[in-house]
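Trainee: Got a structure for you, coords_39.txt, holding compact mmCIF, C-alpha atoms.
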# COMPACT_ATOMS: atom_id res chain seq x y z
CA MET A 1 -18.00 -41.67 -67.89
CA ASN A 2 -19.77 -44.82 -68.85
CA ARG A 3 -17.62 -47.85 -68.28
CA ASN A 4 -17.77 -51.35 -67.04
CA ASN A 5 -18.73 -51.66 -63.39
CA ASN A 6 -17.52 -54.34 -61.02
CA ASN A 7 -19.73 -56.89 -62.65
CA GLY A 8 -18.28 -56.08 -66.01
CA SER A 9 -21.59 -55.09 -67.57
CA PHE A 10 -21.26 -52.49 -70.28
CA GLY A 11 -22.74 -49.02 -69.79
CA CYS A 12 -22.92 -49.11 -66.01
CA PHE A 13 -21.58 -46.20 -63.97
CA SER A 14 -18.49 -46.41 -61.79
CA GLN A 15 -18.37 -46.70 -58.02
CA GLU A 16 -17.35 -43.06 -57.71
CA ASP A 17 -20.28 -42.00 -59.83
CA LEU A 18 -22.69 -44.00 -57.71
CA VAL A 19 -21.32 -42.46 -54.51
CA ALA A 20 -21.45 -38.99 -56.02
CA TYR A 21 -25.01 -39.68 -57.18
CA LEU A 22 -25.92 -40.89 -53.67
CA TYR A 23 -24.73 -37.70 -52.02
CA GLY A 24 -25.97 -35.38 -54.75
CA GLU A 25 -22.53 -34.27 -55.88
CA ILE A 26 -22.77 -35.25 -59.51
CA LYS A 27 -23.15 -33.13 -62.60
CA GLU A 28 -26.69 -32.52 -63.69
CA THR A 29 -26.15 -34.18 -67.05
CA ASP A 30 -24.68 -37.30 -65.44
CA ARG A 31 -27.54 -37.35 -62.95
CA ALA A 32 -30.12 -37.52 -65.71
CA ARG A 33 -28.24 -40.28 -67.50
CA LEU A 34 -27.77 -42.25 -64.27
CA ASP A 35 -31.50 -41.93 -63.50
CA VAL A 36 -32.23 -43.59 -66.81
CA HIS A 37 -29.54 -46.22 -66.30
CA LEU A 38 -30.69 -47.24 -62.79
CA ALA A 39 -34.18 -47.79 -64.03
CA GLY A 40 -32.93 -50.44 -66.43
CA CYS A 41 -29.82 -51.95 -64.74
CA ARG A 42 -30.55 -54.46 -62.01
CA VAL A 43 -26.91 -54.75 -60.89
CA CYS A 44 -26.46 -51.03 -60.44
CA THR A 45 -29.83 -50.77 -58.72
CA GLU A 46 -28.88 -53.42 -56.15
CA ASP A 47 -25.49 -51.83 -55.64
CA PHE A 48 -27.04 -48.42 -55.20
CA ALA A 49 -29.64 -49.83 -52.77
CA ALA A 50 -26.87 -51.27 -50.57
CA LEU A 51 -25.08 -47.94 -50.50
CA SER A 52 -28.33 -46.13 -49.72
CA GLU A 53 -29.10 -48.46 -46.83
CA SER A 54 -25.72 -47.92 -45.24
CA HIS A 55 -26.00 -44.22 -45.83
CA PHE A 56 -29.44 -44.08 -44.24
CA SER A 57 -28.28 -46.10 -41.24
CA ILE A 58 -25.46 -43.71 -40.53
CA TYR A 59 -27.69 -40.74 -41.22
CA GLU A 60 -30.22 -42.08 -38.73
CA TRP A 61 -27.55 -42.61 -36.12
CA GLN A 62 -26.20 -39.14 -36.70
CA ARG A 63 -29.66 -37.60 -36.50
CA GLU A 64 -30.76 -39.47 -33.40
CA GLU A 65 -27.67 -39.30 -31.30
CA PHE A 66 -25.49 -36.52 -32.60
CA ALA A 67 -27.59 -33.75 -34.15
CA SER A 68 -29.20 -32.89 -30.84
CA LEU A 69 -25.89 -32.67 -29.02
CA SER A 70 -24.55 -29.26 -28.32
CA THR A 71 -20.99 -28.53 -29.19
CA PRO A 72 -18.81 -28.83 -26.11
CA GLU A 73 -17.08 -25.74 -24.91
CA ILE A 74 -13.50 -26.01 -26.04
CA THR A 75 -11.18 -24.37 -23.56
CA GLY A 76 -7.46 -24.04 -23.62
CA PRO A 77 -4.49 -21.86 -22.83
CA TRP A 78 -5.26 -19.55 -25.73
CA GLN A 79 -8.33 -18.27 -23.87
CA ASN A 80 -6.36 -17.17 -20.83
CA LEU A 81 -4.21 -14.97 -23.01
CA SER A 82 -7.14 -13.38 -24.79
CA GLU A 83 -9.11 -12.44 -21.72
CA PRO A 84 -10.09 -8.76 -21.60
CA GLU A 85 -8.48 -8.40 -18.22
CA ARG A 86 -5.15 -9.24 -19.82
CA SER A 87 -4.80 -5.59 -20.84
CA VAL A 88 -5.71 -4.34 -17.38
CA PRO A 89 -2.52 -3.52 -15.50
CA THR A 90 -1.92 -5.46 -12.37
CA PRO A 91 -1.48 -3.64 -9.08
CA ASN A 92 2.25 -4.29 -9.20
CA SER A 93 2.56 -2.59 -12.58
CA LEU A 94 0.89 0.61 -11.36
CA SER A 95 3.05 3.55 -10.54
CA TRP A 96 2.98 5.02 -7.06
CA LEU A 97 1.12 8.02 -8.39
CA ASP A 98 -1.62 5.87 -9.89
CA ARG A 99 -1.89 3.88 -6.71
CA ALA A 100 -2.10 7.09 -4.68
CA LYS A 101 -4.86 8.39 -6.92
CA ALA A 102 -6.71 5.13 -6.63
CA SER A 103 -6.37 5.17 -2.86
CA ILE A 104 -7.61 8.75 -2.64
CA ALA A 105 -10.55 7.92 -4.84
CA ALA A 106 -11.34 4.87 -2.73
CA TYR A 107 -10.94 6.51 0.68
CA PRO A 108 -11.42 10.30 0.34
CA ARG A 109 -12.01 10.92 4.05
CA TRP A 110 -8.89 9.09 5.09
CA ALA A 111 -6.94 10.96 2.45
CA PHE A 112 -8.23 14.30 3.74
CA ALA A 113 -7.36 13.32 7.30
CA ALA A 114 -3.86 12.30 6.21
CA VAL A 115 -3.31 15.60 4.42
CA ALA A 116 -4.57 17.57 7.42
CA LEU A 117 -2.31 15.60 9.73
CA CYS A 118 0.69 16.25 7.52
CA PHE A 119 -0.14 19.98 7.41
CA LEU A 120 -0.47 20.10 11.18
CA ALA A 121 2.82 18.26 11.63
CA MET A 122 4.52 20.70 9.30
CA ILE A 123 3.19 23.69 11.29
CA ILE A 124 4.35 22.15 14.54
CA TRP A 125 7.76 21.47 13.10
CA LEU A 126 8.15 25.01 11.80
CA GLY A 127 7.07 26.39 15.13
CA PHE A 128 9.56 24.21 16.94
CA ILE A 129 12.36 25.35 14.65
CA ASN A 130 11.39 28.99 15.13
CA LEU A 131 11.18 28.63 18.91
CA ARG A 132 14.53 26.92 19.03
CA THR A 133 16.14 29.68 17.04
CA VAL A 134 14.74 32.30 19.42
CA SER A 135 15.47 30.50 22.67
CA ILE A 136 19.03 29.41 21.84
CA PRO A 137 20.56 32.33 19.98
CA ASN A 138 24.03 32.29 18.61
CA GLU A 139 26.12 35.32 19.14
CA ALA A 140 27.07 35.29 15.53
CA THR A 141 23.41 35.14 14.61
CA VAL A 142 22.63 38.01 16.88
CA TYR A 143 25.45 39.95 15.42
CA GLU A 144 24.33 39.16 11.90
CA ASN A 145 20.85 40.25 12.75
CA THR A 146 22.08 43.53 14.03
CA ILE A 147 23.73 44.60 10.82
CA PRO A 148 22.15 44.94 7.43
CA ARG A 149 23.26 42.31 4.96
CA SER A 150 21.53 43.36 1.88
CA THR A 151 23.31 45.61 -0.46
CA ASN A 152 19.93 46.85 -1.50
CA ALA A 153 19.16 48.08 1.97
CA ALA A 154 17.57 51.42 2.40
CA PRO A 155 20.00 54.28 2.89
CA VAL A 156 20.63 55.40 6.38
CA PRO A 157 18.97 58.69 7.19
CA ASN A 158 21.27 61.61 7.82
CA GLU A 159 19.99 62.15 11.33
CA LEU A 160 20.92 58.56 12.20
CA LYS A 161 24.39 58.78 10.78
CA PRO A 162 27.12 59.38 13.35
CA SER A 163 28.87 62.69 13.23
CA PRO A 164 32.40 62.75 11.81
CA GLU A 165 33.88 63.66 15.13
CA VAL A 166 32.07 60.81 16.79
CA ALA A 167 33.12 58.43 14.10
CA VAL A 168 36.78 59.13 14.63
CA THR A 169 36.48 58.71 18.35
CA ARG A 170 36.23 54.96 18.11
CA PRO A 171 37.87 53.43 21.11
CA PHE A 172 39.91 51.06 19.00
CA ALA A 173 41.39 53.82 16.82
CA LYS A 174 44.12 54.17 19.26
CA LYS A 175 46.70 55.90 17.08
CA ASP A 176 44.29 58.69 16.12
CA VAL A 177 43.65 59.66 19.71
CA SER A 178 45.88 62.22 21.26
CA GLU A 179 46.23 61.42 24.90
CA PRO A 180 45.95 64.23 27.50
CA ALA A 181 48.79 64.97 29.76
CA ASN A 182 47.29 65.02 33.26
CA SER A 183 44.62 63.01 35.08
CA SER A 184 41.93 65.68 35.06
CA GLU A 185 42.23 66.04 31.33
CA ARG A 186 42.16 62.30 30.99
CA ARG A 187 38.88 62.20 32.92
CA VAL A 188 37.43 64.86 30.65
CA VAL A 189 38.59 62.96 27.61
CA ALA A 190 37.22 59.74 28.99
CA GLN A 191 33.89 61.36 29.71
CA THR A 192 33.82 62.80 26.22
CA ARG A 193 34.62 59.42 24.73
CA LYS A 194 31.96 57.83 26.86
CA THR A 195 29.38 60.31 25.66
CA SER A 196 30.50 59.87 22.06
CA VAL A 197 30.37 56.11 22.27
CA VAL A 198 26.93 56.24 23.83
CA ALA A 199 25.80 58.46 20.98
CA VAL A 200 27.27 56.09 18.45
CA ALA A 201 25.59 53.16 20.12
CA ASP A 202 22.24 54.94 20.13
CA ASN A 203 22.62 55.88 16.50
CA ALA A 204 23.52 52.30 15.67
CA ARG A 205 20.46 50.96 17.45
CA GLN A 206 18.16 53.40 15.73
CA HIS A 207 19.73 52.56 12.42
CA GLN A 208 19.40 48.90 13.23
CA ARG A 209 15.69 49.20 13.96
CA HIS A 210 15.12 51.29 10.88
CA GLN A 211 17.17 48.98 8.72
CA GLY A 212 15.55 45.92 10.14
CA LEU A 213 12.15 47.14 9.04
CA ALA A 214 13.45 47.90 5.59
CA ASP A 215 15.40 44.69 5.15
CA SER A 216 14.66 43.37 1.72
CA ARG A 217 15.44 39.80 2.75
CA GLY A 218 12.52 39.81 5.08
CA ARG A 219 14.60 39.19 8.14
CA ARG A 220 12.58 39.72 11.24
CA PRO A 221 14.02 42.64 13.24
CA GLU A 222 12.25 41.39 16.37
CA ILE A 223 14.71 38.58 16.59
CA ALA A 224 17.60 40.92 17.00
CA ARG A 225 15.74 43.20 19.38
CA LYS A 226 14.43 40.39 21.46
CA ALA A 227 17.70 38.54 21.59
CA PRO A 228 18.64 38.03 25.22
CA ASN A 229 21.72 39.52 26.55
CA LEU A 230 23.94 36.64 27.44
CA SER A 231 26.45 38.77 29.27
CA GLY A 232 23.88 39.90 31.82
CA ILE A 233 24.76 43.55 31.32
CA GLU A 234 22.21 46.13 30.39
CA GLU A 235 22.21 47.46 26.88
CA ASP A 236 23.20 50.90 28.03
CA GLU A 237 26.29 49.46 29.59
CA ASP A 238 28.39 49.08 26.53
CA ASN A 239 31.62 47.17 26.83
CA THR A 240 33.36 49.82 24.81
CA LEU A 241 33.03 52.14 27.73
CA ARG A 242 35.17 49.88 29.84
CA LEU A 243 37.70 49.56 27.12
CA ALA A 244 37.82 53.30 26.81
CA ASP A 245 38.31 53.64 30.50
CA LEU A 246 40.97 51.01 30.40
CA PHE A 247 42.73 52.85 27.62
CA ALA A 248 42.42 56.03 29.58
CA GLU A 249 43.75 54.45 32.69
CA VAL A 250 46.57 52.83 30.84
CA GLY A 251 47.40 56.09 29.15
CA GLY A 252 47.27 57.82 32.51
CA GLY A 253 49.52 55.25 34.08
CA LYS A 254 52.12 56.01 31.60
CA MET B 1 -11.77 -8.81 -38.87
CA LEU B 2 -10.57 -12.33 -38.14
CA THR B 3 -13.64 -13.88 -39.74
CA ASN B 4 -12.50 -12.63 -43.15
CA LEU B 5 -9.19 -14.44 -42.97
CA THR B 6 -8.53 -17.94 -44.22
CA ASP B 7 -7.60 -20.75 -41.91
CA GLU B 8 -4.00 -20.59 -42.99
CA GLN B 9 -3.81 -16.85 -42.29
CA LEU B 10 -5.30 -17.42 -38.87
CA VAL B 11 -2.70 -20.04 -38.10
CA ASP B 12 0.03 -17.66 -39.16
CA LEU B 13 -1.35 -15.10 -36.74
CA ALA B 14 -1.66 -17.72 -34.04
CA VAL B 15 1.95 -18.73 -34.55
CA SER B 16 2.90 -15.11 -33.93
CA GLU B 17 1.27 -15.41 -30.50
CA ASP B 18 -2.10 -13.96 -31.50
CA SER B 19 -4.30 -16.10 -29.29
CA GLU B 20 -7.50 -14.58 -30.67
CA ALA B 21 -6.66 -15.99 -34.09
CA PHE B 22 -6.49 -19.49 -32.68
CA GLY B 23 -9.78 -18.85 -30.92
CA GLU B 24 -11.30 -18.10 -34.32
CA ILE B 25 -9.94 -21.39 -35.65
CA VAL B 26 -11.51 -23.23 -32.75
CA LYS B 27 -14.82 -21.53 -33.39
CA ARG B 28 -14.76 -22.56 -37.04
CA TRP B 29 -13.82 -26.19 -36.56
CA GLU B 30 -15.06 -27.24 -33.12
CA ARG B 31 -18.37 -28.62 -34.42
CA LYS B 32 -16.80 -30.60 -37.23
CA ILE B 33 -14.04 -31.97 -35.06
CA PHE B 34 -16.57 -32.92 -32.42
CA ALA B 35 -18.63 -34.68 -35.08
CA LEU B 36 -15.57 -36.50 -36.35
CA CYS B 37 -14.69 -37.62 -32.85
CA PHE B 38 -18.25 -38.69 -32.19
CA GLY B 39 -18.34 -40.71 -35.39
CA MET B 40 -14.99 -42.29 -34.65
CA LEU B 41 -15.63 -43.07 -30.99
CA GLY B 42 -19.41 -43.35 -30.82
CA ARG B 43 -19.76 -41.71 -27.40
CA GLU B 44 -20.46 -38.14 -26.51
CA ASP B 45 -18.23 -37.87 -23.47
CA GLU B 46 -15.27 -39.43 -25.21
CA ALA B 47 -15.87 -37.33 -28.29
CA SER B 48 -15.97 -34.18 -26.19
CA ASP B 49 -12.71 -35.04 -24.47
CA ALA B 50 -11.07 -35.98 -27.74
CA ALA B 51 -12.13 -32.71 -29.36
CA GLN B 52 -10.78 -30.80 -26.42
CA GLU B 53 -7.48 -32.62 -26.60
CA THR B 54 -7.33 -32.11 -30.33
CA PHE B 55 -7.37 -28.34 -30.10
CA ILE B 56 -4.99 -28.27 -27.18
CA ALA B 57 -2.56 -30.45 -29.10
CA ALA B 58 -2.95 -28.22 -32.14
CA TYR B 59 -2.27 -25.13 -30.09
CA ARG B 60 0.83 -26.64 -28.56
CA ASN B 61 2.13 -27.69 -31.95
CA LEU B 62 1.45 -24.50 -33.82
CA SER B 63 5.13 -24.06 -34.49
CA ASN B 64 5.22 -27.48 -36.18
CA PHE B 65 2.44 -26.61 -38.60
CA ARG B 66 3.66 -26.88 -42.16
CA GLY B 67 2.55 -23.98 -44.26
CA GLU B 68 1.98 -26.13 -47.34
CA ALA B 69 -0.63 -28.26 -45.58
CA ARG B 70 -4.21 -27.20 -45.10
CA VAL B 71 -5.49 -26.43 -41.65
CA SER B 72 -8.41 -28.82 -42.15
CA SER B 73 -6.00 -31.62 -42.97
CA TRP B 74 -3.85 -30.78 -40.00
CA LEU B 75 -6.76 -30.69 -37.56
CA HIS B 76 -8.35 -33.88 -38.90
CA ARG B 77 -5.09 -35.74 -38.66
CA ILE B 78 -4.66 -34.64 -35.07
CA ALA B 79 -8.28 -35.51 -34.27
CA VAL B 80 -8.06 -39.00 -35.79
CA ASN B 81 -4.86 -39.71 -33.89
CA GLN B 82 -6.48 -38.43 -30.73
CA CYS B 83 -9.47 -40.70 -31.27
CA LEU B 84 -7.24 -43.69 -31.82
CA THR B 85 -5.30 -42.86 -28.68
CA THR B 86 -8.50 -42.51 -26.69
CA LYS B 87 -9.87 -45.75 -27.98
CA ARG B 88 -6.66 -47.62 -27.36
CA ARG B 89 -6.29 -46.18 -23.91
CA LYS B 90 -9.75 -46.93 -22.70
CA ARG B 91 -10.03 -50.11 -24.68
CA THR B 92 -13.60 -49.34 -25.38
CA ARG B 93 -15.48 -52.27 -26.75
CA ALA B 94 -18.74 -52.20 -28.57
CA GLU B 95 -20.45 -54.29 -25.95
CA GLU B 96 -19.56 -51.81 -23.20
CA PHE B 97 -21.72 -49.18 -24.88
CA ILE B 98 -24.78 -51.23 -24.07
CA ASP B 99 -23.74 -51.92 -20.50
CA ASP B 100 -22.59 -48.38 -19.76
CA ASP B 101 -25.42 -46.64 -21.52
CA ASP B 102 -26.99 -44.15 -19.15
CA GLY B 103 -30.42 -44.72 -20.62
CA SER B 104 -31.03 -41.17 -21.75
CA ALA B 105 -31.82 -42.31 -25.25
CA GLU B 106 -34.21 -44.92 -23.99
CA ASN B 107 -36.05 -42.40 -21.90
CA THR B 108 -36.41 -40.11 -24.86
CA PHE B 109 -37.91 -42.77 -27.01
CA VAL B 110 -40.12 -44.21 -24.30
CA ALA B 111 -41.46 -40.82 -23.40
CA SER B 112 -42.57 -40.17 -26.95
CA PRO B 113 -46.25 -41.03 -27.29
CA ARG B 114 -45.93 -41.52 -31.02
CA HIS B 115 -43.70 -44.52 -30.66
CA SER B 116 -44.49 -47.76 -29.00
CA PRO B 117 -41.97 -49.28 -26.58
CA ALA B 118 -41.33 -52.08 -29.01
CA PHE B 119 -40.55 -49.64 -31.79
CA ALA B 120 -38.27 -47.61 -29.55
CA THR B 121 -36.42 -50.66 -28.43
CA GLU B 122 -35.95 -51.83 -31.98
CA LYS B 123 -34.69 -48.43 -33.01
CA ILE B 124 -32.26 -48.28 -30.17
CA GLU B 125 -30.92 -51.69 -31.03
CA ARG B 126 -30.51 -50.65 -34.61
CA LEU B 127 -28.59 -47.54 -33.64
CA VAL B 128 -26.32 -49.58 -31.43
CA ILE B 129 -25.66 -51.95 -34.30
CA VAL B 130 -24.84 -49.10 -36.64
CA ARG B 131 -22.53 -47.59 -34.08
CA GLN B 132 -20.76 -50.86 -33.61
CA ALA B 133 -20.47 -51.40 -37.33
CA VAL B 134 -19.02 -47.96 -37.97
CA THR B 135 -16.55 -48.11 -35.13
CA ALA B 136 -15.40 -51.51 -36.35
CA LEU B 137 -14.46 -50.20 -39.78
CA PRO B 138 -10.80 -49.64 -40.63
CA VAL B 139 -9.61 -46.21 -39.68
CA ASP B 140 -9.14 -44.89 -43.20
CA LEU B 141 -12.63 -45.99 -44.22
CA ARG B 142 -14.22 -44.86 -40.96
CA GLN B 143 -12.61 -41.47 -41.25
CA VAL B 144 -14.03 -40.87 -44.70
CA ILE B 145 -17.52 -42.00 -43.83
CA VAL B 146 -17.61 -39.96 -40.63
CA MET B 147 -16.37 -36.86 -42.39
CA LYS B 148 -19.06 -37.28 -44.99
CA GLU B 149 -21.96 -38.20 -42.70
CA PHE B 150 -21.21 -36.32 -39.49
CA GLU B 151 -19.19 -33.38 -40.68
CA GLU B 152 -21.24 -33.11 -43.87
CA MET B 153 -18.17 -32.22 -45.87
CA THR B 154 -18.12 -32.34 -49.63
CA PHE B 155 -15.88 -34.74 -51.50
CA GLN B 156 -13.65 -31.89 -52.47
CA GLU B 157 -13.28 -30.78 -48.85
CA ILE B 158 -12.52 -34.32 -47.73
CA SER B 159 -10.01 -34.63 -50.52
CA GLU B 160 -8.25 -31.47 -49.38
CA ALA B 161 -8.41 -32.39 -45.71
CA LEU B 162 -7.00 -35.86 -46.22
CA GLU B 163 -4.72 -34.75 -49.05
CA LEU B 164 -6.07 -37.53 -51.22
CA PRO B 165 -7.26 -37.53 -54.82
CA LEU B 166 -10.95 -36.95 -55.27
CA SER B 167 -11.43 -40.35 -56.86
CA THR B 168 -9.70 -42.03 -53.91
CA VAL B 169 -12.10 -40.36 -51.51
CA LYS B 170 -15.09 -41.54 -53.47
CA SER B 171 -13.67 -45.00 -53.79
CA ARG B 172 -12.98 -45.22 -50.05
CA LEU B 173 -16.48 -44.05 -49.27
CA TYR B 174 -17.94 -46.63 -51.62
CA THR B 175 -15.88 -49.35 -49.93
CA ALA B 176 -16.85 -48.11 -46.48
CA LEU B 177 -20.56 -48.16 -47.29
CA LYS B 178 -20.31 -51.60 -48.77
CA GLN B 179 -18.43 -52.99 -45.77
CA LEU B 180 -20.91 -51.32 -43.44
CA ARG B 181 -23.71 -52.96 -45.30
CA MET B 182 -22.14 -56.38 -44.83
CA ARG B 183 -21.52 -55.74 -41.13
CA LEU B 184 -25.07 -54.54 -40.61
CA GLU B 185 -26.32 -57.76 -42.10
CA ARG B 186 -24.08 -59.79 -39.80
CA LEU B 187 -24.12 -57.85 -36.53
CA PRO B 188 -27.77 -58.42 -35.53
CA LEU B 189 -27.00 -62.09 -35.24
CA GLU B 190 -23.96 -61.32 -33.07
CA VAL B 191 -25.87 -58.96 -30.79
CA THR B 192 -28.80 -61.24 -30.26
How does this structure look as C-alpha cells?

Mentor:
Amino acid sequence: MNRNNNNGSFGCFSQEDLVAYLYGEIKETDRARLDVHLAGCRVCTEDFAALSESHFSIYEWQREEFASLSTPEITGPWQNLSEPERSVPTPNSLSWLDRAKASIAAYPRWAFAAVALCFLAMIIWLGFINLRTVSIPNEATVYENTIPRSTNAAPVPNELKPSPEVAVTRPFAKKDVSEPANSSERRVVAQTRKTSVVAVADNARQHQRHQGLADSRGRRPEIARKAPNLSGIEEDEDNTLRLADLFAEVGGGK
Amino acid sequence: MLTNLTDEQLVDLAVSEDSEAFGEIVKRWERKIFALCFGMLGREDEASDAAQETFIAAYRNLSNFRGEARVSSWLHRIAVNQCLTTKRRKRTRAEEFIDDDDGSAENTFVASPRHSPAFATEKIERLVIVRQAVTALPVDLRQVIVMKEFEEMTFQEISEALELPLSTVKSRLYTALKQLRMRLERLPLEVT
C-alpha cells in the first residue's frame, strides 16, 4: 500500500489511493493511515489539494447547472409498440358479428327500425308469393291439391267411398262395359253411367274436402276448393259425362 | 416483474421483441446517460438530444449487442460516440456557450437576494471556465471524470462500464483532475 509517490518520497500513498480517498472509496484502515500521512507530508497534501479543487469545481458545476435539470423524456419506437392500445383490435380485425353488435349498441333505434323493416319486407314477400300461387294456378298443382299425398292420411269414411258397382262403371274401363244392343238401351245405359259418374264425382269431392282438412302436411284445402276453373265449365259439368256420351254414341254407331 | 431482472436479462427480452423490457432499460439509465452527455457536451439541449439519440441507436442495434459485454458499457460507449458526433457536427466551441447563453442562469443568480451581482457574475464566470476546461479534456479522461462526477458511479461501476481495470480508472481520474487543475489555472487568463 505504502510506496513511493511521483516525487519519490518514501511512505507516501499512490495516485489511486489519493483518488479513492478523495471520493471516499477507500478501506477504513487505509483512510486512518492516510489521514495521519497527509498531516505530515507536504507533497501529498499539495497533491491532494489540487485534486480536491478540481473535484469541487466540477461538483459545483454539476450542482449549479445539472442537478436542477429534469431528465428529458426519452421517446422512441419501443414506446409505440408497448402502448396499451396495441392490444385493442382495430376495426378491420373485428368480425362482422362483433361489428354488428357494436353498431347495435351504438345505434339501438336504428337497429330496431332495420329489424322491423326486414320483418315487414319478409311479410310482404310471403304475401306476394301466396297471392301469386293462388292467382296463377297450375293444373298440376290443382290436381295435386285435390288428391291426398300423405300416406298417413285419415282413412276415407265408408259413406264417402264409392260403391263397387259405381267403381266399375268408370268411363275409361271400356272393356268391362257390356254395350247395349239398341239405341233406347244405350240411352238408359248412358243415363245410368251419367248418374254413376256424378255420384263418383260427388263422393270424390266430399272425400277431398274431408281429406284436405285432415291432411297431415298442412296443405290448405281452400286452395284446391278456390282454384278457378280454367275450362269455364261448371263443376257439375264433368268432362267424363261427355266422354261417356261419346262412347255411347260411338258404340251406338257401330 | 421487469424491475427484478438484470440489465442483461432485459436486453435479452428486448432482443426477443419485448419492447417493455427496453423501456425498463431506458428508465434505469436515462438519468445517467443524460448526465454523461451533459458532462461531455456542457449544454442541456445538446445533452438531451444526445441522450435521445443514444437510446434510439441502442434500440436499433439490439441485435448487435454482445452478450459478454455489460449493458452499462454498451450504453456508455454509444453515448460517448453520440456526444462526439454531436460535438463534431455542430462544431461547438467553448466561446459560443457564452454568446449563445440564454441568460437563465444569470437571472437565477441575480434574482437571489443572498448574492450580490458581483458574486453571481464571478460564479457564472467560474462555471463557464470549468465547463470549458472539462470539455477540453481528452475524451478518455473526460469520460471518466463525467461518469464519476455527474453519474456518481463508483470506481467499480466505471471499471465495469468501460471494461477497464480498477487501477486504470483511478489513474485516469487522477490524471483528469490534475489536467483540469492546470487548465483552471490557465483559462481565466484566456477568458479575460

Trainee: Restrict the distance test to only C-alpha atoms, flag each residue of chain A within 12 Å of chain B, and return the flagged residues as a PDB file with C-alpha atoms, in the frame of the given file.

Mentor:
ATOM      1  CA  SER A  14     -18.490 -46.410 -61.790  1.00  0.00           C
ATOM      2  CA  GLN A  15     -18.370 -46.700 -58.020  1.00  0.00           C
ATOM      3  CA  GLU A  16     -17.350 -43.060 -57.710  1.00  0.00           C
ATOM      4  CA  ASP A  17     -20.280 -42.000 -59.830  1.00  0.00           C
ATOM      5  CA  LEU A  18     -22.690 -44.000 -57.710  1.00  0.00           C
ATOM      6  CA  VAL A  19     -21.320 -42.460 -54.510  1.00  0.00           C
ATOM      7  CA  ALA A  20     -21.450 -38.990 -56.020  1.00  0.00           C
ATOM      8  CA  TYR A  21     -25.010 -39.680 -57.180  1.00  0.00           C
ATOM      9  CA  LEU A  22     -25.920 -40.890 -53.670  1.00  0.00           C
ATOM     10  CA  TYR A  23     -24.730 -37.700 -52.020  1.00  0.00           C
ATOM     11  CA  GLY A  24     -25.970 -35.380 -54.750  1.00  0.00           C
ATOM     12  CA  GLU A  25     -22.530 -34.270 -55.880  1.00  0.00           C
ATOM     13  CA  ILE A  26     -22.770 -35.250 -59.510  1.00  0.00           C
ATOM     14  CA  GLU A  46     -28.880 -53.420 -56.150  1.00  0.00           C
ATOM     15  CA  ASP A  47     -25.490 -51.830 -55.640  1.00  0.00           C
ATOM     16  CA  PHE A  48     -27.040 -48.420 -55.200  1.00  0.00           C
ATOM     17  CA  ALA A  49     -29.640 -49.830 -52.770  1.00  0.00           C
ATOM     18  CA  ALA A  50     -26.870 -51.270 -50.570  1.00  0.00           C
ATOM     19  CA  LEU A  51     -25.080 -47.940 -50.500  1.00  0.00           C
ATOM     20  CA  SER A  52     -28.330 -46.130 -49.720  1.00  0.00           C
ATOM     21  CA  GLU A  53     -29.100 -48.460 -46.830  1.00  0.00           C
ATOM     22  CA  SER A  54     -25.720 -47.920 -45.240  1.00  0.00           C
ATOM     23  CA  HIS A  55     -26.000 -44.220 -45.830  1.00  0.00           C
ATOM     24  CA  PHE A  56     -29.440 -44.080 -44.240  1.00  0.00           C
ATOM     25  CA  SER A  57     -28.280 -46.100 -41.240  1.00  0.00           C
ATOM     26  CA  ILE A  58     -25.460 -43.710 -40.530  1.00  0.00           C
ATOM     27  CA  TYR A  59     -27.690 -40.740 -41.220  1.00  0.00           C
ATOM     28  CA  GLU A  60     -30.220 -42.080 -38.730  1.00  0.00           C
ATOM     29  CA  TRP A  61     -27.550 -42.610 -36.120  1.00  0.00           C
ATOM     30  CA  GLN A  62     -26.200 -39.140 -36.700  1.00  0.00           C
ATOM     31  CA  ARG A  63     -29.660 -37.600 -36.500  1.00  0.00           C
ATOM     32  CA  GLU A  64     -30.760 -39.470 -33.400  1.00  0.00           C
ATOM     33  CA  GLU A  65     -27.670 -39.300 -31.300  1.00  0.00           C
ATOM     34  CA  PHE A  66     -25.490 -36.520 -32.600  1.00  0.00           C
ATOM     35  CA  ALA A  67     -27.590 -33.750 -34.150  1.00  0.00           C
ATOM     36  CA  SER A  68     -29.200 -32.890 -30.840  1.00  0.00           C
ATOM     37  CA  LEU A  69     -25.890 -32.670 -29.020  1.00  0.00           C
ATOM     38  CA  SER A  70     -24.550 -29.260 -28.320  1.00  0.00           C
ATOM     39  CA  THR A  71     -20.990 -28.530 -29.190  1.00  0.00           C
ATOM     40  CA  PRO A  72     -18.810 -28.830 -26.110  1.00  0.00           C
ATOM     41  CA  GLU A  73     -17.080 -25.740 -24.910  1.00  0.00           C
ATOM     42  CA  ILE A  74     -13.500 -26.010 -26.040  1.00  0.00           C
ATOM     43  CA  THR A  75     -11.180 -24.370 -23.560  1.00  0.00           C
ATOM     44  CA  GLY A  76      -7.460 -24.040 -23.620  1.00  0.00           C
ATOM     45  CA  PRO A  77      -4.490 -21.860 -22.830  1.00  0.00           C
ATOM     46  CA  TRP A  78      -5.260 -19.550 -25.730  1.00  0.00           C
ATOM     47  CA  GLN A  79      -8.330 -18.270 -23.870  1.00  0.00           C
ATOM     48  CA  ASN A  80      -6.360 -17.170 -20.830  1.00  0.00           C
ATOM     49  CA  LEU A  81      -4.210 -14.970 -23.010  1.00  0.00           C
ATOM     50  CA  SER A  82      -7.140 -13.380 -24.790  1.00  0.00           C
ATOM     51  CA  GLU A  83      -9.110 -12.440 -21.720  1.00  0.00           C
ATOM     52  CA  PRO A  84     -10.090  -8.760 -21.600  1.00  0.00           C
ATOM     53  CA  ARG A  86      -5.150  -9.240 -19.820  1.00  0.00           C
TER      54      ARG A  86
END

Trainee: So how far away is atom CA of A:Asp30 from atom CA of A:Thr45, in Å?

Mentor: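 Answer for the atom CA of A:Thr45 to atom CA of A:Asp30 separation: 15.9 Å.
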
Trainee: One decimal, Å: what's the distance from atom CA of B:Ala120 over to atom CA of B:Arg186, could you say?

Mentor: 21.3 Å

Trainee: Would you work out the distance separating atom CA of B:Thr86 from atom CA of B:Leu41, expressed in Å to one decimal?

Mentor: 8.3 Å

Trainee: Find the residue from B:Gln143, B:Ser63, B:Gln132, B:Asn4 that sits nearest to B:Val80; use all atoms listed in the file when measuring.

Mentor: B:Gln143
